[in-house]
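Undergrad: Got a file for you: my_file_20.tsv, TSV, C-alpha atoms and all ligand atoms.
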```tsv
chain	number	residue	atom	x	y	z
A	842	MET	CA	120.87	135.07	117.29
A	843	THR	CA	121.47	131.60	115.86
A	844	GLN	CA	123.63	131.26	112.73
A	845	PRO	CA	121.67	130.26	109.61
A	846	VAL	CA	122.43	126.65	108.71
A	847	VAL	CA	124.16	125.84	105.42
A	848	ARG	CA	122.54	122.61	104.23
A	849	ARG	CA	124.09	122.45	100.79
A	850	SER	CA	127.12	124.25	99.40
A	851	LEU	CA	128.86	124.65	96.08
A	852	PHE	CA	131.89	126.02	97.94
A	853	LEU	CA	134.81	123.54	98.01
A	854	HIS	CA	135.75	124.20	101.61
A	855	ALA	CA	132.21	124.21	102.97
A	856	PRO	CA	132.18	122.98	106.58
A	857	SER	CA	128.99	121.04	105.80
A	858	SER	CA	131.03	118.56	103.73
A	859	ARG	CA	133.98	118.20	106.10
A	860	ARG	CA	132.36	116.74	109.17
A	861	PRO	CA	134.98	115.57	111.71
A	862	ARG	CA	133.23	112.25	112.28
A	863	ALA	CA	133.24	111.36	108.57
A	864	VAL	CA	136.91	112.36	108.25
A	865	LEU	CA	137.85	110.36	111.34
A	866	SER	CA	136.02	107.22	110.21
A	867	ALA	CA	137.75	107.35	106.82
A	868	MET	CA	141.08	107.66	108.66
A	869	LEU	CA	140.30	104.70	110.90
A	870	GLU	CA	139.85	102.49	107.86
A	871	ARG	CA	143.43	103.23	106.84
A	872	VAL	CA	145.28	102.44	110.06
A	873	ASP	CA	145.73	99.33	112.16
A	874	ASP	CA	147.27	98.63	115.56
A	875	GLY	CA	150.72	98.44	113.99
A	876	THR	CA	150.66	101.85	112.26
A	877	PRO	CA	153.40	104.00	113.84
A	878	ALA	CA	152.76	107.68	114.59
A	879	ASP	CA	155.95	108.79	112.87
A	880	GLY	CA	159.26	107.53	111.47
A	881	PRO	CA	159.61	105.22	108.48
A	882	GLY	CA	156.30	103.52	107.77
A	883	GLY	CA	154.35	106.27	109.53
A	884	PRO	CA	151.69	108.15	107.52
A	885	VAL	CA	153.92	111.22	106.96
A	886	ALA	CA	156.77	109.15	105.47
A	887	VAL	CA	154.29	107.17	103.39
A	888	LEU	CA	152.78	110.39	102.07
A	889	GLU	CA	156.17	111.94	101.29
A	890	ALA	CA	157.26	108.83	99.38
A	891	ARG	CA	153.95	108.67	97.52
A	892	ILE	CA	154.14	112.31	96.41
A	893	ALA	CA	157.83	112.03	95.46
A	894	GLY	CA	156.86	109.01	93.31
A	895	LEU	CA	153.88	110.78	91.75
A	896	LEU	CA	155.91	113.89	90.93
A	897	GLY	CA	159.05	112.00	89.92
A	898	SER	CA	161.22	113.90	92.38
A	899	GLU	CA	164.20	112.60	94.37
A	900	ALA	CA	162.69	113.63	97.69
A	901	ALA	CA	159.66	115.24	99.29
A	902	LEU	CA	159.05	116.87	102.65
A	903	PHE	CA	155.87	117.53	104.61
A	904	PHE	CA	155.29	121.12	105.76
A	905	PRO	CA	152.46	122.40	107.95
A	906	SER	CA	151.64	125.00	105.28
A	907	GLY	CA	152.38	125.95	101.71
A	908	THR	CA	153.18	129.44	102.93
A	909	MET	CA	156.13	128.10	104.93
A	910	ALA	CA	157.25	125.62	102.26
A	911	GLN	CA	157.38	128.14	99.43
A	912	GLN	CA	159.12	130.86	101.40
A	913	VAL	CA	161.74	128.35	102.52
A	914	VAL	CA	162.51	126.99	99.07
A	915	LEU	CA	162.70	130.48	97.56
A	916	ARG	CA	165.18	131.40	100.25
A	917	LEU	CA	167.28	128.35	99.36
A	918	HIS	CA	167.24	129.24	95.67
A	919	ALA	CA	168.33	132.79	96.63
A	920	GLU	CA	171.15	131.70	98.95
A	921	ARG	CA	172.61	129.37	96.35
A	922	ARG	CA	172.73	132.06	93.71
A	923	ASN	CA	173.30	135.03	95.98
A	924	ARG	CA	170.44	136.72	94.16
A	925	TRP	CA	167.64	137.95	96.40
A	926	ALA	CA	164.78	138.73	94.02
A	927	PHE	CA	162.16	136.33	92.74
A	928	ALA	CA	159.57	136.98	90.06
A	929	ALA	CA	155.99	135.85	89.75
A	930	HIS	CA	152.54	136.94	88.63
A	931	PRO	CA	151.34	140.15	90.38
A	932	GLN	CA	148.45	138.20	91.95
A	933	CYS	CA	150.50	135.23	93.17
A	934	HIS	CA	149.73	133.86	96.63
A	935	LEU	CA	153.14	134.91	98.00
A	936	GLU	CA	152.42	138.56	97.25
A	937	VAL	CA	148.71	138.79	97.95
A	938	TRP	CA	148.02	136.50	100.89
A	939	GLU	CA	151.18	136.06	102.98
A	940	LYS	CA	151.72	139.50	104.52
A	941	HIS	CA	155.08	139.72	102.73
A	942	GLY	CA	156.65	136.92	104.75
A	943	TYR	CA	159.18	136.39	101.94
A	944	GLN	CA	160.57	139.85	102.74
A	945	VAL	CA	160.01	140.21	106.48
A	946	VAL	CA	161.20	136.70	107.38
A	947	HIS	CA	163.62	135.86	104.56
A	948	GLY	CA	164.87	139.17	103.15
A	949	LEU	CA	163.69	138.41	99.60
A	950	ARG	CA	162.41	140.95	97.07
A	951	PHE	CA	159.40	140.39	94.83
A	952	HIS	CA	159.43	141.35	91.15
A	953	PRO	CA	155.87	141.29	89.72
A	954	VAL	CA	155.73	140.12	86.10
A	955	GLY	CA	153.13	141.07	83.49
A	956	ASP	CA	149.53	142.22	83.66
A	957	ARG	CA	147.62	141.47	86.86
A	958	HIS	CA	144.60	140.24	84.87
A	959	ALA	CA	146.48	138.05	82.37
A	960	LEU	CA	148.94	135.17	82.48
A	961	MET	CA	152.69	135.87	82.49
A	962	GLY	CA	154.13	135.54	78.97
A	963	ARG	CA	157.61	134.97	77.64
A	964	ALA	CA	157.95	138.67	76.66
A	965	ASP	CA	157.00	139.72	80.23
A	966	LEU	CA	159.70	137.45	81.63
A	967	ASP	CA	162.28	138.63	79.12
A	968	ALA	CA	161.58	142.20	80.22
A	969	VAL	CA	162.74	141.51	83.80
A	970	ALA	CA	166.04	143.34	84.02
A	971	GLU	CA	167.38	142.15	87.36
A	972	PRO	CA	169.14	138.88	88.20
A	973	LEU	CA	166.56	136.53	89.67
A	974	ALA	CA	166.93	133.74	92.19
A	975	ALA	CA	163.74	132.10	90.98
A	976	VAL	CA	160.55	132.49	89.02
A	977	VAL	CA	157.33	131.11	90.46
A	978	TRP	CA	154.56	129.72	88.22
A	979	GLU	CA	151.21	129.30	89.96
A	980	LEU	CA	149.37	126.63	87.98
A	981	PRO	CA	146.53	127.37	87.62
A	982	GLN	CA	146.64	131.12	88.33
A	983	ARG	CA	143.84	131.16	90.84
A	984	ASP	CA	143.06	134.85	91.19
A	985	ILE	CA	142.45	135.29	87.46
A	986	GLY	CA	140.01	132.41	87.22
A	987	GLY	CA	142.35	129.44	87.17
A	988	LEU	CA	144.02	130.17	83.82
A	989	LEU	CA	146.88	128.01	82.57
A	990	PRO	CA	149.51	128.71	79.93
A	991	ALA	CA	149.59	126.37	76.93
A	992	TRP	CA	152.07	123.54	77.49
A	993	ASP	CA	154.54	124.67	74.81
A	994	ASP	CA	154.50	128.25	76.14
A	995	LEU	CA	155.13	126.98	79.64
A	996	CYS	CA	158.07	124.82	78.52
A	997	GLU	CA	159.55	127.74	76.61
A	998	GLN	CA	159.19	130.14	79.54
A	999	VAL	CA	160.75	127.72	82.01
A	1000	ALA	CA	163.67	126.94	79.69
A	1001	ALA	CA	164.38	130.66	79.14
A	1002	VAL	CA	164.29	131.41	82.87
A	1003	ARG	CA	166.60	128.53	83.72
A	1004	ALA	CA	169.00	129.53	80.93
A	1005	GLY	CA	169.26	132.90	82.73
A	1006	GLY	CA	170.42	131.15	85.91
A	1007	ALA	CA	167.20	131.39	87.94
A	1008	ALA	CA	165.42	128.41	89.46
A	1009	ALA	CA	161.95	127.47	88.23
A	1010	HIS	CA	159.53	126.89	91.11
A	1011	LEU	CA	156.00	125.55	90.79
A	1012	ASP	CA	153.27	126.75	93.13
A	1013	GLY	CA	151.29	123.58	92.57
A	1014	ALA	CA	148.68	124.20	95.27
A	1015	ARG	CA	146.27	123.06	92.54
A	1016	LEU	CA	148.59	120.90	90.44
A	1017	TRP	CA	145.99	118.14	90.90
A	1018	GLU	CA	143.47	120.32	89.08
A	1019	ALA	CA	145.95	121.69	86.51
A	1020	GLN	CA	146.85	118.16	85.41
A	1021	THR	CA	143.34	117.72	83.96
A	1022	TYR	CA	144.14	120.42	81.38
A	1023	TYR	CA	147.63	119.32	80.40
A	1024	ASP	CA	146.56	115.67	80.39
A	1025	ARG	CA	150.17	114.62	80.98
A	1026	PRO	CA	151.50	112.64	83.95
A	1027	HIS	CA	152.01	114.70	87.10
A	1028	ALA	CA	155.71	113.84	86.91
A	1029	GLU	CA	156.03	115.35	83.45
A	1030	ILE	CA	154.55	118.66	84.61
A	1031	ALA	CA	156.51	118.70	87.89
A	1032	GLY	CA	159.66	117.62	86.00
A	1033	LEU	CA	159.87	121.03	84.32
A	1034	PHE	CA	160.66	122.65	87.67
A	1035	ASP	CA	163.53	122.72	90.17
A	1036	SER	CA	161.10	122.67	93.08
A	1037	VAL	CA	157.39	122.02	93.47
A	1038	TYR	CA	154.93	122.64	96.29
A	1039	VAL	CA	151.60	120.84	96.40
A	1040	SER	CA	148.72	121.40	98.80
A	1041	LEU	CA	147.10	118.66	100.85
A	1042	TYR	CA	143.83	120.37	101.66
A	1043	LYS	CA	142.42	122.09	98.57
A	1044	GLY	CA	141.45	119.61	95.84
A	1045	LEU	CA	142.59	116.73	98.08
A	1046	GLN	CA	140.30	117.99	100.86
A	1047	GLY	CA	142.75	117.06	103.63
A	1048	VAL	CA	142.94	118.79	107.00
A	1049	ARG	CA	145.89	121.14	106.25
A	1050	GLY	CA	149.48	120.86	105.15
A	1051	ALA	CA	151.75	120.89	102.13
A	1052	VAL	CA	154.54	118.89	100.56
A	1053	LEU	CA	157.69	120.29	98.99
A	1054	ALA	CA	159.26	118.11	96.28
A	1055	ALA	CA	162.76	118.65	94.89
A	1056	ASP	CA	166.22	117.07	94.69
A	1057	ALA	CA	167.49	115.42	97.88
A	1058	ASP	CA	169.91	118.24	98.70
A	1059	THR	CA	167.26	120.97	98.50
A	1060	VAL	CA	164.86	118.91	100.58
A	1061	ALA	CA	167.52	118.26	103.25
A	1062	GLN	CA	168.24	121.99	103.49
A	1063	ALA	CA	164.52	122.81	103.53
A	1064	ALA	CA	164.17	120.51	106.55
A	1065	VAL	CA	166.66	122.69	108.47
A	1066	TRP	CA	164.56	125.78	107.81
A	1067	ARG	CA	161.37	123.92	108.68
A	1068	THR	CA	162.87	123.29	112.12
A	1069	ARG	CA	164.08	126.90	112.46
A	1070	LEU	CA	160.58	128.16	111.71
A	1071	GLY	CA	158.92	125.78	114.15
A	1072	GLY	CA	157.33	123.72	111.40
A	1073	SER	CA	158.61	120.27	112.34
A	1074	VAL	CA	155.47	118.62	113.66
A	1075	PRO	CA	156.27	115.07	114.83
A	1076	ASP	CA	152.61	114.13	115.16
A	1077	ALA	CA	151.45	115.33	111.78
A	1078	TRP	CA	150.04	111.88	111.01
A	1079	PRO	CA	146.35	112.94	110.97
A	1080	LEU	CA	147.13	115.54	108.29
A	1081	ALA	CA	149.07	112.97	106.26
A	1082	LEU	CA	146.32	110.36	106.57
A	1083	ALA	CA	143.66	112.81	105.40
A	1084	ALA	CA	145.84	113.68	102.39
A	1085	LEU	CA	146.39	110.00	101.55
A	1086	ILE	CA	142.61	109.55	101.52
A	1087	GLY	CA	142.39	112.48	99.07
A	1088	LEU	CA	145.05	110.93	96.82
A	1089	ASP	CA	143.18	107.62	96.78
A	1090	ASP	CA	139.63	108.88	96.47
A	1091	LEU	CA	139.66	112.36	94.94
A	1092	LEU	CA	142.68	112.53	92.64
A	1093	PRO	CA	141.20	109.97	90.17
A	1094	ARG	CA	138.00	112.05	90.09
A	1095	MET	CA	139.63	115.32	89.00
A	1096	PRO	CA	138.73	114.86	85.30
A	1097	ALA	CA	135.08	114.33	86.29
A	1098	PHE	CA	135.21	117.47	88.46
A	1099	ARG	CA	136.66	119.40	85.51
A	1100	ASP	CA	133.90	118.09	83.20
A	1101	HIS	CA	131.23	119.19	85.64
A	1102	ALA	CA	132.88	122.62	85.94
A	1103	VAL	CA	132.76	122.91	82.13
A	1104	ALA	CA	129.06	121.96	82.12
A	1105	ILE	CA	128.16	124.45	84.87
A	1106	ALA	CA	130.12	127.24	83.17
A	1107	ALA	CA	128.47	126.49	79.81
A	1108	ALA	CA	125.01	126.74	81.40
A	1109	ILE	CA	125.90	130.04	83.11
A	1110	ASN	CA	127.19	131.54	79.86
A	1111	ALA	CA	124.22	130.26	77.83
A	1112	ASP	CA	121.90	131.93	80.34
A	1113	GLY	CA	123.79	135.21	80.28
A	1114	ALA	CA	122.80	136.75	83.65
A	1115	ALA	CA	126.38	136.15	84.84
A	1116	ARG	CA	129.57	135.25	83.01
A	1117	ALA	CA	131.79	132.25	83.74
A	1118	TRP	CA	135.49	132.70	83.00
A	1119	PRO	CA	137.59	131.15	81.55
A	1120	ASP	CA	135.21	129.93	78.87
A	1121	PRO	CA	135.49	126.97	78.92
A	1122	PRO	CA	137.18	126.38	82.30
A	1123	GLN	CA	140.56	124.70	81.95
A	1124	THR	CA	140.40	123.04	85.36
A	1125	PRO	CA	137.68	122.29	87.95
A	1126	LEU	CA	138.16	125.92	89.08
A	1127	PHE	CA	136.63	128.95	87.37
A	1128	HIS	CA	135.23	132.38	88.27
A	1129	VAL	CA	131.70	133.73	87.93
A	1130	HIS	CA	131.48	137.47	87.20
A	1131	VAL	CA	128.20	139.02	88.26
A	1132	PRO	CA	126.55	142.42	87.76
A	1133	ALA	CA	126.44	143.31	91.46
A	1134	GLY	CA	128.80	144.98	93.92
A	1135	ARG	CA	130.74	142.77	96.32
A	1136	HIS	CA	128.97	143.73	99.54
A	1137	ALA	CA	125.54	143.58	97.90
A	1138	LEU	CA	126.30	140.07	96.62
A	1139	GLU	CA	127.56	138.93	100.01
A	1140	ARG	CA	124.36	140.26	101.64
A	1141	ALA	CA	122.31	138.46	98.98
A	1142	GLN	CA	124.15	135.22	99.70
A	1143	ALA	CA	123.49	135.61	103.45
A	1144	ALA	CA	119.77	136.02	102.64
A	1145	LEU	CA	119.84	132.94	100.35
A	1146	ILE	CA	121.44	130.88	103.11
A	1147	ALA	CA	118.86	132.10	105.61
A	1148	ASP	CA	115.93	131.34	103.25
A	1149	ALA	CA	117.08	128.17	101.50
A	1150	GLY	CA	120.18	126.91	103.36
A	1151	VAL	CA	122.21	127.00	100.11
A	1152	GLN	CA	125.68	128.56	99.84
A	1153	LEU	CA	127.20	129.42	96.48
A	1154	PHE	CA	130.64	130.78	97.38
A	1155	GLY	CA	133.16	131.46	100.14
A	1156	TYR	CA	133.76	135.14	99.46
A	1157	ALA	CA	133.28	137.59	96.61
A	1158	ARG	CA	136.16	139.44	94.90
A	1159	SER	CA	135.66	143.13	94.16
A	1160	ALA	CA	136.21	144.48	90.63
A	1161	PRO	CA	137.39	147.87	89.33
A	1162	ASP	CA	133.73	148.52	88.43
A	1163	PRO	CA	132.01	148.88	91.85
A	1164	GLY	CA	128.81	147.50	90.33
A	1165	ARG	CA	130.44	144.17	89.55
A	1166	CYS	CA	132.23	141.42	91.45
A	1167	SER	CA	133.15	137.78	91.02
A	1168	PHE	CA	133.29	134.57	92.97
A	1169	GLU	CA	135.20	131.33	92.59
A	1170	VAL	CA	133.70	127.94	91.89
A	1171	SER	CA	135.99	124.97	92.53
A	1172	VAL	CA	134.22	121.76	91.67
A	1173	GLY	CA	134.69	118.88	94.07
A	1174	GLU	CA	132.28	116.42	95.63
A	1175	ASN	CA	129.94	119.17	96.91
A	1176	ALA	CA	129.51	120.82	93.55
A	1177	LEU	CA	128.69	117.49	91.87
A	1178	GLU	CA	125.45	117.57	93.84
A	1179	PHE	CA	124.29	120.61	91.85
A	1180	THR	CA	123.10	120.32	88.25
A	1181	PRO	CA	124.20	123.11	85.88
A	1182	ALA	CA	120.55	124.26	85.57
A	1183	GLU	CA	120.26	124.46	89.35
A	1184	VAL	CA	123.38	126.64	89.61
A	1185	VAL	CA	121.94	129.00	86.99
A	1186	ASP	CA	118.68	129.16	88.94
A	1187	LEU	CA	120.58	129.87	92.17
A	1188	ILE	CA	122.51	132.70	90.51
A	1189	HIS	CA	119.15	134.22	89.52
A	1190	GLN	CA	117.88	133.80	93.06
A	1191	LEU	CA	121.01	135.57	94.29
A	1192	LEU	CA	120.68	138.44	91.81
A	1193	ASP	CA	116.97	138.81	92.65
A	1194	ARG	CA	117.99	139.38	96.25
A	1195	VAL	CA	120.49	142.07	95.22
A	1196	ARG	CA	117.84	144.22	93.60
B	1	LIG	C1	148.03	129.21	95.03
B	1	LIG	C2	148.33	129.04	96.48
B	1	LIG	N1	149.61	129.00	96.90
B	1	LIG	C3	149.94	128.86	98.20
B	1	LIG	C4	148.95	128.73	99.17
B	1	LIG	C5	149.36	128.61	100.62
B	1	LIG	O1	148.97	127.43	101.19
B	1	LIG	P1	148.76	127.28	102.79
B	1	LIG	O2	147.36	127.72	103.07
B	1	LIG	O3	148.98	125.83	103.02
B	1	LIG	O4	149.78	128.14	103.46
B	1	LIG	C6	147.60	128.78	98.78
B	1	LIG	C7	146.52	128.69	99.79
B	1	LIG	O5	145.39	129.04	99.55
B	1	LIG	C8	147.28	128.94	97.41
B	1	LIG	O6	146.01	129.02	96.98
```
Output the file's structure in the form of structure tokens.
Ligand SMILES: Cc1ncc(COP(=O)(O)O)c(C=O)c1O
TA:
Amino acid sequence: MTQPVVRRSLFLHAPSSRRPRAVLSAMLERVDDGTPADGPGGPVAVLEARIAGLLGSEAALFFPSGTMAQQVVLRLHAERRNRWAFAAHPQCHLEVWEKHGYQVVHGLRFHPVGDRHALMGRADLDAVAEPLAAVVWELPQRDIGGLLPAWDDLCEQVAAVRAGGAAAHLDGARLWEAQTYYDRPHAEIAGLFDSVYVSLYKGLQGVRGAVLAADADTVAQAAVWRTRLGGSVPDAWPLALAALIGLDDLLPRMPAFRDHAVAIAAAINADGAARAWPDPPQTPLFHVHVPAGRHALERAQAALIADAGVQLFGYARSAPDPGRCSFEVSVGENALEFTPAEVVDLIHQLLDRVR
């Protein structure tokens, strides 16, 4: 049986919008015969320097994945303090998606903080009664719809945690998106933290990869662990080039992506068949909660792709109510091709196929 073809997709990581030939031609425009594969002046070094500059950090280091980068820096914070627990939101990436690598590989313990469906608050952090190596803020908190704490709350939380001797670490996989809400320079947001990880392939639409930004000492020690874990990739230049393209072309468009997300969410909420949350979205990312079970919605989406070639989401998240589920919308170039009214119509088409 042939796979139904996705012709248009609202989903950020849709393969239809990441065609190898288009990516390769954009890369070709950015290199010449003199571009070295690695070393100073190579795309990886250029990217590291660019991100260190953007985030105002002393140093920055490329990693093949955010998973590796964050586990490594949390280990360093733990070793320095001889404290082996870190705290974060119950639905943080480290806990939910990494098969407990922090524990199995690095011997760290995880202390979940606060309600799994709400942001961490100062009172939640104050209630942690064990000495912590670090606290991780995921900005925005993806699995609860891309929520962000108010700037003053964030500053207060970070200051309190640091006063207690723990490091403040930013999971900035979507710092590019979060910046549209805070409307402050990236360096001011990153400057709150002892260490910051950013992703190269989500909002920036690169191939893969991550960068860890911190003081020079931390970055030098992180490089040792990157080697130990097999993450030193000398020929990572294609990943760096793709990320540099994202920094040039997509980063300046984040506010427009956020505005379109706000417009789509407003249309969904005005219609009422589904509910967009947060209302309004704080970043280009938000969730759509629908009155249908997860598997039923996924079957409906498969039917919509087969009939119309249109994909609305990557996967659906289940909810405590088995008759409801949600999916993520992360507005990038693909989603700009859909008007808010069209998205509402597509949600109706999806729900019609559930019944
Ligand atoms: C919030 C967050 N943190 C960390 C990661 C890990 O990044 P990577 O896929 O590069 O390991 C992801 C990836 O989806 C993420 O969404």
Undergrad: Kindly assemble as a Markdown table a list of the chain A residues that lie within 10 Å of ligand LIG 1 (chain B), each paired with its nearest atom pair and their distance in Å to one decimal, using all atoms listed in the file, sorted first by chain and then by ascending residue number.
TA:
```
| residue | atom | partner | partner_atom | distance |
| --- | --- | --- | --- | --- |
| A:Phe904 | CA | B:LIG1 | O3 | 8.3 |
| A:Pro905 | CA | B:LIG1 | O3 | 6.9 |
| A:Ser906 | CA | B:LIG1 | O3 | 3.6 |
| A:Gly907 | CA | B:LIG1 | O3 | 3.6 |
| A:Thr908 | CA | B:LIG1 | O4 | 3.7 |
| A:Met909 | CA | B:LIG1 | O4 | 6.5 |
| A:Ala910 | CA | B:LIG1 | O4 | 8.0 |
| A:Gln911 | CA | B:LIG1 | C3 | 7.6 |
| A:Gln912 | CA | B:LIG1 | C3 | 9.9 |
| A:Gln932 | CA | B:LIG1 | C1 | 9.5 |
| A:Cys933 | CA | B:LIG1 | C1 | 6.8 |
| A:His934 | CA | B:LIG1 | N1 | 4.9 |
| A:Leu935 | CA | B:LIG1 | C3 | 6.8 |
| A:Glu936 | CA | B:LIG1 | N1 | 10.0 |
| A:Val937 | CA | B:LIG1 | C2 | 9.9 |
| A:Trp938 | CA | B:LIG1 | C5 | 8.0 |
| A:Glu939 | CA | B:LIG1 | C5 | 8.0 |
| A:Trp978 | CA | B:LIG1 | C1 | 9.4 |
| A:Glu979 | CA | B:LIG1 | C1 | 6.0 |
| A:Leu980 | CA | B:LIG1 | C1 | 7.6 |
| A:Pro981 | CA | B:LIG1 | C1 | 7.8 |
| A:Gln982 | CA | B:LIG1 | C1 | 7.1 |
| A:Arg983 | CA | B:LIG1 | C1 | 6.2 |
| A:Asp984 | CA | B:LIG1 | C1 | 8.4 |
| A:Gly987 | CA | B:LIG1 | C1 | 9.7 |
| A:Leu1011 | CA | B:LIG1 | N1 | 9.5 |
| A:Asp1012 | CA | B:LIG1 | N1 | 5.7 |
| A:Gly1013 | CA | B:LIG1 | C1 | 7.0 |
| A:Ala1014 | CA | B:LIG1 | C2 | 5.0 |
| A:Arg1015 | CA | B:LIG1 | C1 | 6.9 |
| A:Leu1016 | CA | B:LIG1 | C1 | 9.5 |
| A:Tyr1038 | CA | B:LIG1 | C3 | 8.2 |
| A:Val1039 | CA | B:LIG1 | C3 | 8.4 |
| A:Ser1040 | CA | B:LIG1 | O3 | 6.1 |
| A:Leu1041 | CA | B:LIG1 | O3 | 7.7 |
| A:Tyr1042 | CA | B:LIG1 | O3 | 7.6 |
| A:Lys1043 | CA | B:LIG1 | O5 | 7.6 |
| A:Arg1049 | CA | B:LIG1 | O3 | 6.5 |
| A:Gly1050 | CA | B:LIG1 | O3 | 5.4 |
| A:Ala1051 | CA | B:LIG1 | O3 | 5.7 |
| A:Val1052 | CA | B:LIG1 | O3 | 9.2 |
```
Undergrad: List as a PyMOL selection string the protein and nucleic acid residues near region 1096-1105 of chain A, meaning an atom at most 10 Å away when only C-alpha atoms are counted, but skip any in the same chain fewer than 3 places from it.
TA: chain A and resi 1017-1022+1024+1044+1091-1093+1108-1111+1117+1119-1127+1170-1174+1176-1177+1179-1185
Undergrad: Just the number, please: distance in Å from CA of Ala878 (chain A) to CA of Gln1046 (chain A), one decimal.
TA: 21.2 Å
Undergrad: Counting only C-alpha atoms, which residue out of A:Asp873, A:Glu1139, A:Glu971, A:Glu920 sits closest to His947 (chain A)?
TA: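 Among the listed residues, A:Glu920 lies closest to His947 (chain A).
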Undergrad: Take the point (163.3, 119.3, 98.0) in the file's coordinates, draw a sphere of radius 9 Å around it, and report as a list of chain:residue names every protein, DNA or RNA residue with an atom inside or on it, counting all atoms listed in the file.
TA: A:Ser898, A:Glu899, A:Ala900, A:Ala901, A:Leu902, A:Val914, A:Asp1035, A:Ser1036, A:Val1037, A:Leu1053, A:Ala1054, A:Ala1055, A:Asp1056, A:Ala1057, A:Asp1058, A:Thr1059, A:Val1060, A:Ala1061, A:Gln1062, A:Ala1063, A:Ala1064
Undergrad: Between CA of Gly897 (chain A) and CA of Leu1070 (chain A), what distance in Å does the model show, to one decimal?
TA: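 Spanning CA of Gly897 (chain A) to CA of Leu1070 (chain A) is a straight-line distance of 27.2 Å.
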Undergrad: Between CA of Arg950 (chain A) and CA of Gly986 (chain A), what is the distance, to one decimal in Å?
TA: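 So the two atoms, CA of Arg950 (chain A) and CA of Gly986 (chain A), lie 25.9 Å apart.
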Undergrad: Excluding Pro861 (chain A) and its own-chain neighbours fewer than 4 positions away, which residues fall within 12 Å of it when counting all atoms listed in the file? Please give them as a list in words.
TA: Pro856, Ser857, Leu865, Ser866, Ala867, Met868, Gly1047, Val1048, Pro1079 and Ala1083 of chain A
Undergrad: Given the choices A:Pro953, A:Ala1157, A:Ile1086, A:Ser850, which gets closest to Ala863 (chain A) if the distance is worked out from only C-alpha atoms?
TA: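 Once distances to Ala863 (chain A) are computed over only C-alpha atoms, the minimum belongs to A:Ile1086.
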Undergrad: Residues at most 12 Å from region 964-968 of chain A, counting all atoms listed in the file, excluding those fewer than 4 positions away in the same chain, as a ChimeraX atom specification?
TA: /A:927-931,952-957,959-960,972-973,975-978,994-995,997-1005,1007
Undergrad: Please provide as an MDAnalysis selection string all residues within 12 Å of Val1195 (chain A), with the sequence filter that same-chain residues fewer than 4 positions apart are discarded (counting all atoms listed in the file).
TA: chainID A and resid 1131:1145 1164:1165 1188:1191
Undergrad: Output C-alpha atoms of each residue in that selection to a file, as a PDB file, in the coordinates of the input.
TA:
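Written file, part_25.pdb:
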```pdb
ATOM      1  CA  VAL A1131     128.200 139.020  88.260  1.00  0.00           C
ATOM      2  CA  PRO A1132     126.550 142.420  87.760  1.00  0.00           C
ATOM      3  CA  ALA A1133     126.440 143.310  91.460  1.00  0.00           C
ATOM      4  CA  GLY A1134     128.800 144.980  93.920  1.00  0.00           C
ATOM      5  CA  ARG A1135     130.740 142.770  96.320  1.00  0.00           C
ATOM      6  CA  HIS A1136     128.970 143.730  99.540  1.00  0.00           C
ATOM      7  CA  ALA A1137     125.540 143.580  97.900  1.00  0.00           C
ATOM      8  CA  LEU A1138     126.300 140.070  96.620  1.00  0.00           C
ATOM      9  CA  GLU A1139     127.560 138.930 100.010  1.00  0.00           C
ATOM     10  CA  ARG A1140     124.360 140.260 101.640  1.00  0.00           C
ATOM     11  CA  ALA A1141     122.310 138.460  98.980  1.00  0.00           C
ATOM     12  CA  GLN A1142     124.150 135.220  99.700  1.00  0.00           C
ATOM     13  CA  ALA A1143     123.490 135.610 103.450  1.00  0.00           C
ATOM     14  CA  ALA A1144     119.770 136.020 102.640  1.00  0.00           C
ATOM     15  CA  LEU A1145     119.840 132.940 100.350  1.00  0.00           C
ATOM     16  CA  GLY A1164     128.810 147.500  90.330  1.00  0.00           C
ATOM     17  CA  ARG A1165     130.440 144.170  89.550  1.00  0.00           C
ATOM     18  CA  ILE A1188     122.510 132.700  90.510  1.00  0.00           C
ATOM     19  CA  HIS A1189     119.150 134.220  89.520  1.00  0.00           C
ATOM     20  CA  GLN A1190     117.880 133.800  93.060  1.00  0.00           C
ATOM     21  CA  LEU A1191     121.010 135.570  94.290  1.00  0.00           C
TER      22      LEU A1191
END
```
Undergrad: Select all residues near (150.9, 113.1, 92.6) (cut-off 6 Å, inclusive, file coordinates), counting all atoms listed in the file, and output them as JSON, numbers by chain.
TA: {"A": [892, 895, 896, 1027]}
Undergrad: When distances are computed from only C-alpha atoms, which of A:Ala1008, A:Ala1081, A:Leu915, A:Val1151 shows the smallest separation from Leu949 (chain A)?
TA: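 Looking at the shortest contact to Leu949 (chain A), the residue is A:Leu915.
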Undergrad: Would you please work out which residue, of A:Leu1187, A:Leu1082, A:Leu1045, A:Leu1088, is nearest to Ala1149 (chain A) when using all atoms listed in the file?
TA: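 Selected residue with least distance to Ala1149 (chain A): A:Leu1187.
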Undergrad: Could you check which of A:Asp879, A:Ile1146, A:Arg860, A:Arg916 is closest to Val1074 (chain A), using all atoms listed in the file?
TA: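 Going through A:Asp879, A:Ile1146, A:Arg860, A:Arg916 one by one, the smallest distance to Val1074 (chain A) is for A:Asp879.
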Undergrad: Neighbouring residues of Gly948 (chain A) were defined as those with any atom within 10 Å, considering all atoms listed in the file; residues of the same chain fewer than 3 positions away were excluded. Please report them as an mmCIF file with C-alpha atoms, in the frame of the given file.
TA:
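The resulting file, selection-v6.cif, is shown below:
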```cif
data_model
loop_
_atom_site.group_PDB
_atom_site.id
_atom_site.type_symbol
_atom_site.label_atom_id
_atom_site.label_comp_id
_atom_site.auth_asym_id
_atom_site.auth_seq_id
_atom_site.Cartn_x
_atom_site.Cartn_y
_atom_site.Cartn_z
ATOM 1 C CA ARG A 916 165.180 131.400 100.250
ATOM 2 C CA ALA A 919 168.330 132.790 96.630
ATOM 3 C CA TRP A 925 167.640 137.950 96.400
ATOM 4 C CA ALA A 926 164.780 138.730 94.020
ATOM 5 C CA HIS A 941 155.080 139.720 102.730
ATOM 6 C CA GLY A 942 156.650 136.920 104.750
ATOM 7 C CA TYR A 943 159.180 136.390 101.940
ATOM 8 C CA GLN A 944 160.570 139.850 102.740
ATOM 9 C CA VAL A 945 160.010 140.210 106.480
#
```
